[in-house]
$ cat structure_37.tsv   # TSV, C-alpha atoms
chain	number	residue	atom	x	y	z
A	30	MET	CA	95.41	94.44	125.40
A	31	GLY	CA	98.29	95.05	127.80
A	32	TRP	CA	101.89	95.81	126.97
A	33	SER	CA	102.58	92.38	125.50
A	34	GLY	CA	100.86	93.22	122.23
A	35	TYR	CA	102.81	96.46	121.84
A	36	ILE	CA	106.11	94.75	122.68
A	37	LEU	CA	105.45	92.09	120.04
A	38	GLY	CA	104.64	94.75	117.49
A	39	VAL	CA	107.86	96.63	118.24
A	40	LEU	CA	109.88	93.41	118.07
A	41	LEU	CA	108.31	92.69	114.69
A	42	MET	CA	109.34	96.11	113.43
A	43	LEU	CA	112.88	95.56	114.67
A	44	CYS	CA	112.97	92.15	113.02
A	45	TYR	CA	112.24	93.59	109.59
A	46	THR	CA	114.24	96.78	109.94
A	47	GLY	CA	117.14	94.68	111.13
A	48	VAL	CA	117.27	92.90	107.79
A	49	LEU	CA	117.87	96.17	106.01
A	50	THR	CA	120.19	97.55	108.68
A	51	ALA	CA	122.42	94.57	108.03
A	52	GLN	CA	123.33	96.15	104.70
A	53	SER	CA	125.82	98.33	106.57
A	54	ASN	CA	127.63	95.21	107.72
A	55	GLY	CA	129.18	92.27	105.90
A	56	LEU	CA	125.87	91.35	104.23
A	57	LYS	CA	125.69	94.58	102.25
A	58	GLY	CA	126.91	93.13	98.97
A	59	HIS	CA	124.84	89.97	99.28
A	60	LEU	CA	121.63	91.89	100.03
A	61	ALA	CA	122.30	94.35	97.22
A	62	LYS	CA	122.67	91.44	94.78
A	63	ARG	CA	119.45	89.85	96.00
A	64	LYS	CA	117.65	93.17	95.64
A	65	GLN	CA	118.93	93.55	92.07
A	66	LEU	CA	117.79	90.04	91.15
A	67	LYS	CA	114.37	90.70	92.65
A	68	GLU	CA	113.99	93.94	90.70
A	69	GLN	CA	115.03	92.19	87.47
A	70	GLN	CA	112.56	89.38	88.04
A	71	ILE	CA	109.70	91.76	88.77
A	72	GLU	CA	110.63	94.03	85.85
A	73	ALA	CA	110.50	91.02	83.53
A	74	GLY	CA	106.94	90.29	84.69
A	75	LEU	CA	107.86	87.00	86.33
A	76	PRO	CA	106.05	85.73	89.44
A	77	PHE	CA	107.65	86.75	92.72
A	78	LEU	CA	106.90	85.54	96.25
A	79	SER	CA	107.63	87.59	99.38
A	80	PRO	CA	107.31	85.45	102.53
A	81	MET	CA	106.29	86.73	105.93
A	82	ILE	CA	106.43	85.32	109.44
A	83	GLY	CA	105.93	87.02	112.77
A	84	PRO	CA	103.80	87.72	115.87
A	85	GLY	CA	100.93	90.13	116.33
A	86	TYR	CA	97.86	90.91	118.44
A	87	THR	CA	94.19	91.63	117.81
A	88	PRO	CA	91.56	92.44	120.45
A	89	ASP	CA	89.28	89.61	119.26
A	90	ALA	CA	91.87	86.83	118.83
A	91	GLY	CA	94.60	87.74	121.34
A	92	LEU	CA	98.27	87.06	120.67
A	93	LEU	CA	98.81	85.51	117.26
A	94	PHE	CA	101.46	84.03	115.02
A	95	ALA	CA	101.22	84.66	111.29
A	96	VAL	CA	102.91	82.93	108.39
A	97	GLY	CA	102.25	83.49	104.72
A	98	GLY	CA	103.39	85.27	101.63
A	99	LEU	CA	102.60	87.78	98.92
A	100	LEU	CA	102.65	86.37	95.39
A	101	THR	CA	102.60	88.87	92.52
A	102	PHE	CA	102.65	88.20	88.79
A	103	LYS	CA	101.73	89.64	85.41
A	104	THR	CA	99.04	87.92	83.38
A	105	ASN	CA	100.81	89.15	80.22
A	106	ARG	CA	104.58	89.66	80.45
A	107	GLU	CA	104.59	91.52	77.14
A	108	ASP	CA	102.20	94.21	78.41
A	109	SER	CA	104.32	96.88	80.11
A	110	LEU	CA	101.31	98.92	81.23
A	111	ILE	CA	99.17	96.30	82.95
A	112	GLN	CA	99.36	96.16	86.75
A	113	ARG	CA	100.87	93.20	88.54
A	114	SER	CA	98.24	90.89	89.96
A	115	SER	CA	98.53	90.09	93.66
A	116	LEU	CA	97.66	87.13	95.85
A	117	PRO	CA	98.39	87.52	99.59
A	118	ILE	CA	97.95	84.30	101.57
A	119	THR	CA	98.00	84.26	105.37
A	120	PHE	CA	97.68	81.54	107.99
A	121	LEU	CA	97.08	82.62	111.60
A	122	ALA	CA	97.19	80.72	114.87
A	123	THR	CA	96.41	82.42	118.19
A	124	THR	CA	96.82	81.84	121.89
A	125	ARG	CA	93.03	81.67	122.10
A	126	GLY	CA	93.11	78.50	120.03
A	127	ASN	CA	91.98	80.12	116.80
A	128	THR	CA	93.16	79.15	113.33
A	129	SER	CA	92.37	80.85	110.05
A	130	LEU	CA	93.47	80.82	106.45
A	131	GLY	CA	92.78	83.61	104.00
A	132	ALA	CA	93.65	84.48	100.41
A	133	LYS	CA	92.61	87.50	98.34
A	134	LEU	CA	93.33	87.55	94.61
A	135	LYS	CA	93.26	90.78	92.59
A	136	SER	CA	94.08	90.04	88.95
A	137	PHE	CA	94.18	92.04	85.71
A	138	TRP	CA	93.69	90.45	82.27
A	139	ASN	CA	93.55	91.36	78.58
A	140	GLN	CA	95.01	94.89	78.79
A	141	ASP	CA	92.95	95.47	81.96
A	142	LYS	CA	89.68	94.96	80.08
A	143	LEU	CA	88.92	92.11	82.47
A	144	ARG	CA	89.45	91.93	86.23
A	145	ILE	CA	88.95	88.81	88.33
A	146	ASN	CA	88.96	89.10	92.12
A	147	ILE	CA	88.49	86.19	94.53
A	148	LEU	CA	88.28	86.10	98.32
A	149	LEU	CA	88.67	82.74	100.05
A	150	ALA	CA	88.60	82.41	103.85
A	151	TYR	CA	88.28	79.69	106.48
A	152	SER	CA	88.35	79.97	110.25
A	153	ASP	CA	87.85	77.87	113.36
A	154	ALA	CA	87.78	80.35	116.21
A	155	LYS	CA	86.63	81.23	119.67
A	156	ASP	CA	84.79	84.44	118.98
A	157	ASP	CA	82.68	86.98	120.86
A	158	TYR	CA	79.00	87.75	120.32
A	159	PHE	CA	77.68	90.82	122.15
A	160	GLY	CA	74.23	90.86	120.58
A	161	VAL	CA	72.77	93.23	118.00
A	162	GLY	CA	72.79	97.01	118.29
A	163	TYR	CA	74.84	99.66	120.02
A	164	GLN	CA	73.23	99.14	123.44
A	165	SER	CA	74.03	95.43	123.51
A	166	ALA	CA	77.63	96.11	122.46
A	167	GLU	CA	78.09	98.65	125.27
A	168	GLU	CA	76.24	96.84	128.07
A	169	THR	CA	77.28	93.21	127.54
A	170	PRO	CA	80.56	92.55	129.40
A	171	LYS	CA	83.16	90.56	127.50
A	172	GLY	CA	83.76	87.18	129.16
A	173	ASP	CA	83.66	83.40	128.90
A	174	SER	CA	80.09	83.18	130.25
A	175	THR	CA	78.71	86.21	128.40
A	176	THR	CA	80.19	86.67	124.93
A	177	LEU	CA	82.53	83.74	124.21
A	178	TYR	CA	81.43	81.11	121.71
A	179	GLU	CA	83.12	78.82	119.18
A	180	ARG	CA	82.52	79.51	115.51
A	181	GLN	CA	83.46	77.63	112.37
A	182	GLY	CA	83.03	79.32	109.03
A	183	TRP	CA	84.15	79.79	105.47
A	184	ALA	CA	83.54	82.21	102.60
A	185	PHE	CA	84.06	82.12	98.85
A	186	ASN	CA	83.51	85.41	96.98
A	187	PRO	CA	84.47	85.59	93.28
A	188	GLU	CA	83.96	88.80	91.29
A	189	VAL	CA	84.29	89.33	87.53
A	190	LEU	CA	84.52	92.87	86.13
A	191	PHE	CA	84.44	94.06	82.52
A	192	ARG	CA	85.68	97.46	81.39
A	193	LEU	CA	82.73	99.46	80.07
A	194	ALA	CA	84.58	102.75	79.47
A	195	PRO	CA	87.90	104.28	80.56
A	196	ASP	CA	88.15	103.70	84.35
A	197	LEU	CA	84.59	102.32	84.49
A	198	TYR	CA	83.92	98.63	85.24
A	199	GLY	CA	80.80	96.58	85.73
A	200	GLY	CA	80.21	92.95	86.46
A	201	LEU	CA	78.90	90.11	88.56
A	202	LEU	CA	79.75	88.84	92.01
A	203	VAL	CA	78.86	85.70	93.91
A	204	ASP	CA	78.93	85.15	97.67
A	205	PHE	CA	78.83	81.75	99.32
A	206	ASN	CA	79.42	81.67	103.07
A	207	ARG	CA	78.63	79.54	106.08
A	208	THR	CA	78.78	80.23	109.81
A	209	ASN	CA	78.22	77.52	112.41
A	210	ALA	CA	78.23	78.31	116.13
A	211	VAL	CA	79.30	74.92	117.47
A	212	GLU	CA	79.42	76.05	121.13
A	213	VAL	CA	77.33	78.92	122.49
A	214	ASN	CA	77.29	80.62	125.88
A	215	PRO	CA	74.15	80.95	128.06
A	216	VAL	CA	73.62	84.63	127.20
A	217	MET	CA	73.89	83.96	123.47
A	218	ALA	CA	71.49	81.00	123.76
A	219	GLN	CA	68.79	83.40	125.02
A	220	ASP	CA	69.45	86.21	122.53
A	221	PRO	CA	66.37	86.70	120.29
A	222	ASN	CA	68.42	87.60	117.21
A	223	PHE	CA	70.48	84.44	117.53
A	224	LEU	CA	67.42	82.26	118.23
A	225	GLU	CA	65.58	83.60	115.18
A	226	TYR	CA	68.16	82.24	112.73
A	227	GLY	CA	69.82	79.46	114.73
A	228	PRO	CA	73.47	78.48	115.07
A	229	ASP	CA	74.11	77.20	111.52
A	230	ASN	CA	73.58	79.43	108.50
A	231	PHE	CA	74.51	78.91	104.86
A	232	ASN	CA	74.04	81.96	102.66
A	233	ALA	CA	74.26	82.11	98.88
A	234	GLY	CA	73.86	85.27	96.85
A	235	VAL	CA	74.52	86.77	93.46
A	236	GLY	CA	74.95	90.45	92.77
A	237	LEU	CA	75.79	93.30	90.44
A	238	THR	CA	78.61	95.78	90.89
A	239	LEU	CA	79.57	99.03	89.19
A	240	GLN	CA	83.00	100.53	89.84
A	241	TYR	CA	84.83	103.69	88.84
A	242	ASP	CA	88.56	103.21	89.37
A	243	SER	CA	91.21	105.78	88.40
A	244	ARG	CA	93.79	104.65	90.97
A	245	ASP	CA	97.38	104.43	89.73
A	246	ILE	CA	98.00	101.18	91.65
A	247	VAL	CA	95.03	99.29	93.08
A	248	VAL	CA	96.70	97.80	96.19
A	249	ASN	CA	98.62	100.96	97.18
A	250	ALA	CA	97.25	104.03	95.47
A	251	TRP	CA	99.06	107.38	95.51
A	252	GLU	CA	96.52	109.13	93.31
A	253	GLY	CA	93.03	108.53	91.99
A	254	VAL	CA	89.43	107.76	92.91
A	255	PHE	CA	87.63	104.50	93.58
A	256	ALA	CA	83.83	104.29	93.79
A	257	ASN	CA	81.95	101.01	94.12
A	258	ILE	CA	78.20	100.44	94.20
A	259	ALA	CA	77.12	96.83	94.67
A	260	ALA	CA	73.90	94.96	95.39
A	261	THR	CA	73.86	91.28	96.40
A	262	PHE	CA	70.67	89.20	96.57
A	263	TYR	CA	70.57	86.09	98.77
A	264	THR	CA	67.80	83.65	97.98
A	265	PRO	CA	66.73	80.06	98.73
A	266	GLY	CA	66.73	79.57	94.96
A	267	LEU	CA	70.54	79.39	95.23
A	268	GLY	CA	70.40	77.14	98.29
A	269	SER	CA	70.58	79.97	100.84
A	270	ASP	CA	69.00	79.42	104.26
A	271	ASN	CA	67.93	83.08	104.36
A	272	SER	CA	66.41	85.64	102.00
A	273	TYR	CA	67.86	89.16	102.18
A	274	GLN	CA	69.76	91.84	100.27
A	275	ILE	CA	73.00	93.71	100.99
A	276	TYR	CA	73.76	97.09	99.39
A	277	LEU	CA	77.28	98.46	99.49
A	278	LEU	CA	78.66	101.94	98.84
A	279	ASP	CA	82.47	102.29	98.98
A	280	LEU	CA	84.09	105.65	98.13
A	281	ARG	CA	87.86	106.34	98.25
A	282	HIS	CA	90.03	109.28	97.24
A	283	TYR	CA	93.84	109.40	97.12
A	284	ARG	CA	95.93	112.57	96.73
A	285	GLN	CA	99.69	112.91	96.44
A	286	ILE	CA	101.14	115.56	98.76
A	287	HIS	CA	104.08	117.50	97.23
A	288	ARG	CA	106.04	114.37	96.20
A	289	GLN	CA	105.78	110.65	95.55
A	290	GLY	CA	105.45	108.61	98.72
A	291	ARG	CA	103.33	111.18	100.55
A	292	THR	CA	99.64	110.36	100.24
A	293	MET	CA	96.37	111.43	101.82
A	294	ALA	CA	93.78	108.66	101.61
A	295	PHE	CA	90.09	109.05	102.40
A	296	ARG	CA	87.41	106.40	102.63
A	297	TYR	CA	83.68	106.20	103.24
A	298	LYS	CA	81.99	102.81	103.38
A	299	GLY	CA	78.34	102.09	103.99
A	300	ARG	CA	76.75	98.64	104.16
A	301	PHE	CA	72.96	98.34	104.35
A	302	GLY	CA	70.78	95.26	104.75
A	303	PHE	CA	67.16	94.54	103.85
A	304	GLY	CA	65.07	91.46	104.54
A	305	ASN	CA	65.94	88.62	106.92
A	306	VAL	CA	69.62	89.37	107.54
A	307	PRO	CA	71.00	86.64	109.87
A	308	TRP	CA	73.07	87.53	112.91
A	309	ALA	CA	76.35	86.39	111.31
A	310	GLU	CA	75.84	88.50	108.16
A	311	MET	CA	74.96	91.82	109.76
A	312	THR	CA	77.32	94.76	109.33
A	313	ARG	CA	80.23	94.44	111.76
A	314	LEU	CA	82.79	97.12	112.55
A	315	GLY	CA	86.34	96.42	113.65
A	316	GLY	CA	89.10	94.11	112.48
A	317	SER	CA	92.25	94.73	110.46
A	318	ARG	CA	90.72	96.97	107.75
A	319	GLU	CA	87.71	98.83	109.18
A	320	LEU	CA	88.00	100.79	112.44
A	321	ARG	CA	91.24	99.05	113.37
A	322	GLY	CA	91.39	98.63	117.13
A	323	TYR	CA	87.82	97.45	117.77
A	324	ILE	CA	86.79	93.85	118.38
A	325	LYS	CA	85.32	92.73	115.06
A	326	GLY	CA	81.66	92.00	115.62
A	327	GLN	CA	81.23	93.71	118.98
A	328	TYR	CA	79.33	96.44	117.17
A	329	ARG	CA	76.91	94.77	114.75
A	330	ASP	CA	73.56	95.71	113.28
A	331	VAL	CA	71.61	95.58	110.02
A	332	ASP	CA	73.27	98.77	108.74
A	333	GLY	CA	76.61	100.45	109.33
A	334	MET	CA	79.06	102.99	107.97
A	335	HIS	CA	82.49	104.37	108.70
A	336	LEU	CA	84.84	107.17	107.61
A	337	THR	CA	88.65	107.20	107.64
A	338	ALA	CA	91.27	109.81	106.74
A	339	GLU	CA	94.82	108.40	106.56
A	340	TYR	CA	98.23	109.94	105.88
A	341	ARG	CA	100.87	107.62	104.35
A	342	HIS	CA	104.54	108.54	104.22
A	343	MET	CA	107.50	106.72	102.68
A	344	PHE	CA	110.93	108.01	103.73
A	345	ARG	CA	113.79	108.97	101.42
A	346	ASN	CA	117.32	107.58	101.60
A	347	LYS	CA	120.58	109.55	101.37
A	348	LEU	CA	120.35	109.61	97.56
A	349	GLY	CA	116.91	111.22	97.66
A	350	GLU	CA	115.21	108.04	96.48
A	351	LEU	CA	112.25	106.45	98.22
A	352	SER	CA	113.37	104.01	100.88
A	353	PRO	CA	111.46	100.80	101.70
A	354	HIS	CA	110.46	102.21	105.11
A	355	GLY	CA	107.44	104.34	105.92
A	356	PHE	CA	104.68	105.08	108.38
A	357	THR	CA	101.00	105.88	108.42
A	358	THR	CA	98.57	107.54	110.79
A	359	TRP	CA	94.81	107.77	110.60
A	360	VAL	CA	91.68	109.09	112.30
A	361	GLY	CA	88.12	108.01	111.71
A	362	GLY	CA	84.83	106.88	113.14
A	363	GLY	CA	81.84	104.70	112.45
A	364	SER	CA	78.32	103.79	113.47
A	365	ILE	CA	75.92	100.84	113.41
A	366	PHE	CA	72.14	101.20	113.22
A	367	ASP	CA	68.89	99.73	111.91
A	368	GLY	CA	67.56	102.48	109.67
A	369	PHE	CA	68.95	106.01	109.45
A	370	ASP	CA	66.51	107.24	112.11
A	371	ASN	CA	68.39	105.16	114.68
A	372	MET	CA	71.90	106.40	113.89
A	373	ASP	CA	72.49	107.95	117.33
A	374	HIS	CA	76.01	106.86	118.27
A	375	TRP	CA	79.45	107.34	116.71
A	376	LEU	CA	82.56	105.30	117.50
A	377	PRO	CA	85.92	107.16	117.41
A	378	ASN	CA	89.02	105.53	115.94
A	379	PHE	CA	92.65	106.48	115.39
A	380	GLY	CA	96.03	104.80	115.05
A	381	PHE	CA	99.44	104.63	113.44
A	382	GLY	CA	101.50	102.03	111.61
A	383	TYR	CA	104.80	100.98	110.09
A	384	ARG	CA	105.29	100.13	106.41
A	385	LEU	CA	107.96	98.00	104.75
A	386	GLU	CA	107.97	97.76	100.95
A	387	VAL	CA	108.58	94.08	100.13
A	388	GLN	CA	107.89	94.54	96.39
A	389	PRO	CA	107.45	97.69	94.30
A	390	ARG	CA	104.35	99.45	95.72
A	391	MET	CA	103.51	96.35	97.76
A	392	ASN	CA	103.84	96.87	101.51
A	393	LEU	CA	103.93	94.77	104.62
A	394	ARG	CA	101.94	96.70	107.22
A	395	ILE	CA	101.92	96.70	111.00
A	396	ASP	CA	99.09	98.85	112.42
A	397	PHE	CA	98.42	99.93	116.00
A	398	GLY	CA	94.70	100.79	116.25
A	399	PHE	CA	92.83	102.46	119.10
A	400	GLY	CA	89.09	102.47	119.72
A	401	ARG	CA	86.85	103.13	122.68
A	402	GLU	CA	88.37	100.98	125.45
A	403	SER	CA	89.85	98.66	122.83
A	404	THR	CA	93.18	98.40	121.00
A	405	GLY	CA	94.90	96.07	118.55
A	406	VAL	CA	98.06	95.38	116.56
A	407	TYR	CA	97.52	94.11	112.99
A	408	PHE	CA	99.99	92.37	110.71
A	409	ASP	CA	99.13	92.01	107.03
A	410	PHE	CA	100.08	92.63	103.39
A	411	THR	CA	98.82	95.60	101.31
A	412	GLU	CA	97.10	98.69	102.67
A	413	ALA	CA	93.88	98.61	104.69
A	414	PHE	CA	92.15	100.34	101.77

$ encode --input "structure_37.tsv" --output "structure tokens"
Amino acid sequence: MGWSGYILGVLLMLCYTGVLTAQSNGLKGHLAKRKQLKEQQIEAGLPFLSPMIGPGYTPDAGLLFAVGGLLTFKTNREDSLIQRSSLPITFLATTRGNTSLGAKLKSFWNQDKLRINILLAYSDAKDDYFGVGYQSAEETPKGDSTTLYERQGWAFNPEVLFRLAPDLYGGLLVDFNRTNAVEVNPVMAQDPNFLEYGPDNFNAGVGLTLQYDSRDIVVNAWEGVFANIAATFYTPGLGSDNSYQIYLLDLRHYRQIHRQGRTMAFRYKGRFGFGNVPWAEMTRLGGSRELRGYIKGQYRDVDGMHLTAEYRHMFRNKLGELSPHGFTTWVGGGSIFDGFDNMDHWLPNFGFGYRLEVQPRMNLRIDFGFGRESTGVYFDFTEAF
């Protein structure tokens, strides 16, 4: 990505750390008062919005500018035990001409007997398509005449969960998404996987999910286990252009190391497709949450999995209390394949990041990810997992 992405990431760190460093100057009293008011508002269960603005870099989109905010609230201000619901909203514009808007609601209702989660995303982007399978990803050179194409797409994924037993939830999910390749390159126009399904695909599916969740805080766990098994069925009966199934297995474990603010986090995620899975809905590695540092979609196939082990550390201040600053480092790897017999290649991944707590247990994160001949800087709210 060149040094420009790293320089922007460092400048972004300095921008946010500079706000807190200013406490040692004439703004100390003012900032302390604002911090007290924020804590009182959050403690009272009132909605609170933390804005963000800054540059970043990803290997698929190039240099970017992000603006958005993290809205948190309690669905019942009288319930002292229920978690605060969260709604991060981010708008991105990049030097490649891409624009995207995303929002991800995680909400807790009725003494946490009901959970409602919603993902909403829209993008108009110049993207890269390398083909399907490990060999295509490795042998197709990235370029305007080989991988570049323009894609428009949106997704709407609501999920409703009911508590079945302590820490056990089950429910329904719905997935509506559309991908339209409005401009394709010559190599893509001859790719058999692309030609089989065409440039415009609308997919509609309904599924079942079963989750075990003992995490102390969903968006930034220090302790606990999360296990999710889900099956989604896409059918023309719902208006879908394609008929296929996606099965998901997501396992996470969080352990506190010696004190609060030191956490080991582990994740395994597998995504497996059956039926006529279109090119845009195959498992893709990379992006801001899975194998950070890889171009999202360079490695795509019917099936895929990845593993990550991450250490998260929040510093202490002079009083021995947790400060708002921290860091993380991780190592992992993943693979794409079509059937377990073809799982022959493994992609290495590692990285490090900076954390700034903008609300209690709600972090702004800046991650520097490294893959095989690919790197990226990611700017987002809440942890990657």

$ atom_distance --input "structure_37.tsv" --atom1 "atom CA of A:Lys103" --atom2 "atom CA of A:Asp196"
19.6 Å

$ closest_atom_pairs --input "structure_37.tsv" --of "stretch 311-402 of chain A" --to "stretch 274-297 of chain A" --cutoff "9 Å" --atoms "all atoms listed in the file" --output "CSV"
residue,atom,partner,partner_atom,distance
A:Met334,CA,A:Tyr297,CA,7.3
A:His335,CA,A:Tyr297,CA,5.9
A:Leu336,CA,A:Tyr297,CA,4.6
A:Thr337,CA,A:Arg296,CA,5.2
A:Ala338,CA,A:Phe295,CA,4.6
A:Glu339,CA,A:Ala294,CA,5.1
A:Tyr340,CA,A:Met293,CA,4.7
A:Arg341,CA,A:Thr292,CA,5.1
A:His342,CA,A:Arg291,CA,4.7
A:Met343,CA,A:Gly290,CA,4.8
A:Phe344,CA,A:Gly290,CA,7.4
A:Arg345,CA,A:Gly290,CA,8.8
A:Leu351,CA,A:Gly290,CA,7.2
A:Gly355,CA,A:Gly290,CA,8.6

$ closest_residue --input "structure_37.tsv" --among "A:Asn371, A:Asn271, A:Gln70, A:Thr104" --to "A:Trp138" --atoms "all atoms listed in the file"
A:Thr104

$ residues_around --input "structure_37.tsv" --residues "A:Glu107" --least-positions-apart "3" --cutoff "12 Å" --atoms "only C-alpha atoms" --output "list in words"
Glu72, Ala73, Gly74, Leu75, Lys103, Thr104, Leu110, Ile111, Gln112, Asn139 and Gln140 of chain A

$ closest_atom_pairs --input "structure_37.tsv" --of "stretch 272-388 of chain A" --to "stretch 154-158 of chain A" --cutoff "9 Å" --atoms "only C-alpha atoms" --output "tab-separated table"
residue	atom	partner	partner_atom	distance
A:Ile324	CA	A:Asp157	CA	8.4
A:Lys325	CA	A:Asp157	CA	8.6
A:Gly326	CA	A:Tyr158	CA	6.9
A:Gln327	CA	A:Tyr158	CA	6.5

$ axis_aligned_box --input "structure_37.tsv" --around "stretch 82-86 of chain A" --padding-each-side "6 Å" --output "AutoDock Vina command-line options"
--center_x 102.1 --center_y 88.1 --center_z 113.9 --size_x 20.6 --size_y 17.6 --size_z 21.0

$ residues_around --input "structure_37.tsv" --residues "stretch 387-396 of chain A" --least-positions-apart "6" --cutoff "7 Å" --atoms "only C-alpha atoms" --output "PyMOL selection string"
chain A and resi 79+249+381+406-412

$ residues_around --input "structure_37.tsv" --residues "A:Arg329" --least-positions-apart "3" --cutoff "6 Å" --atoms "only C-alpha atoms" --output "compact mmCIF listing (two decimals) with C-alpha atoms, keeping the file's coordinate frame"
# COMPACT_ATOMS: atom_id res chain seq x y z
CA VAL A 161 72.77 93.23 118.00
CA GLY A 162 72.79 97.01 118.29
CA THR A 312 77.32 94.76 109.33
CA ARG A 313 80.23 94.44 111.76
CA GLY A 326 81.66 92.00 115.62

$ closest_residue --input "structure_37.tsv" --among "A:Asn232, A:Thr124, A:Ser243, A:Thr175" --to "A:Pro265" --atoms "all atoms listed in the file"
A:Asn232

$ residues_around --input "structure_37.tsv" --residues "A:Gly315" --least-positions-apart "5" --cutoff "10 Å" --atoms "all atoms listed in the file" --output "mmCIF file with C-alpha atoms, in the frame of the given file"
data_model
loop_
_atom_site.group_PDB
_atom_site.id
_atom_site.type_symbol
_atom_site.label_atom_id
_atom_site.label_comp_id
_atom_site.auth_asym_id
_atom_site.auth_seq_id
_atom_site.Cartn_x
_atom_site.Cartn_y
_atom_site.Cartn_z
ATOM 1 C CA PRO A 88 91.560 92.440 120.450
ATOM 2 C CA ASP A 89 89.280 89.610 119.260
ATOM 3 C CA LEU A 320 88.000 100.790 112.440
ATOM 4 C CA ARG A 321 91.240 99.050 113.370
ATOM 5 C CA GLY A 322 91.390 98.630 117.130
ATOM 6 C CA TYR A 323 87.820 97.450 117.770
ATOM 7 C CA ILE A 324 86.790 93.850 118.380
ATOM 8 C CA LYS A 325 85.320 92.730 115.060
ATOM 9 C CA GLY A 326 81.660 92.000 115.620
ATOM 10 C CA GLN A 327 81.230 93.710 118.980
ATOM 11 C CA TYR A 328 79.330 96.440 117.170
ATOM 12 C CA ARG A 329 76.910 94.770 114.750
ATOM 13 C CA GLY A 363 81.840 104.700 112.450
ATOM 14 C CA ASN A 378 89.020 105.530 115.940
ATOM 15 C CA GLY A 398 94.700 100.790 116.250
ATOM 16 C CA GLY A 400 89.090 102.470 119.720
ATOM 17 C CA GLY A 405 94.900 96.070 118.550
#

$ closest_residue --input "structure_37.tsv" --among "A:Leu224, A:Val213, A:Ala260, A:Leu134" --to "A:Phe185" --atoms "all atoms listed in the file"
A:Leu134
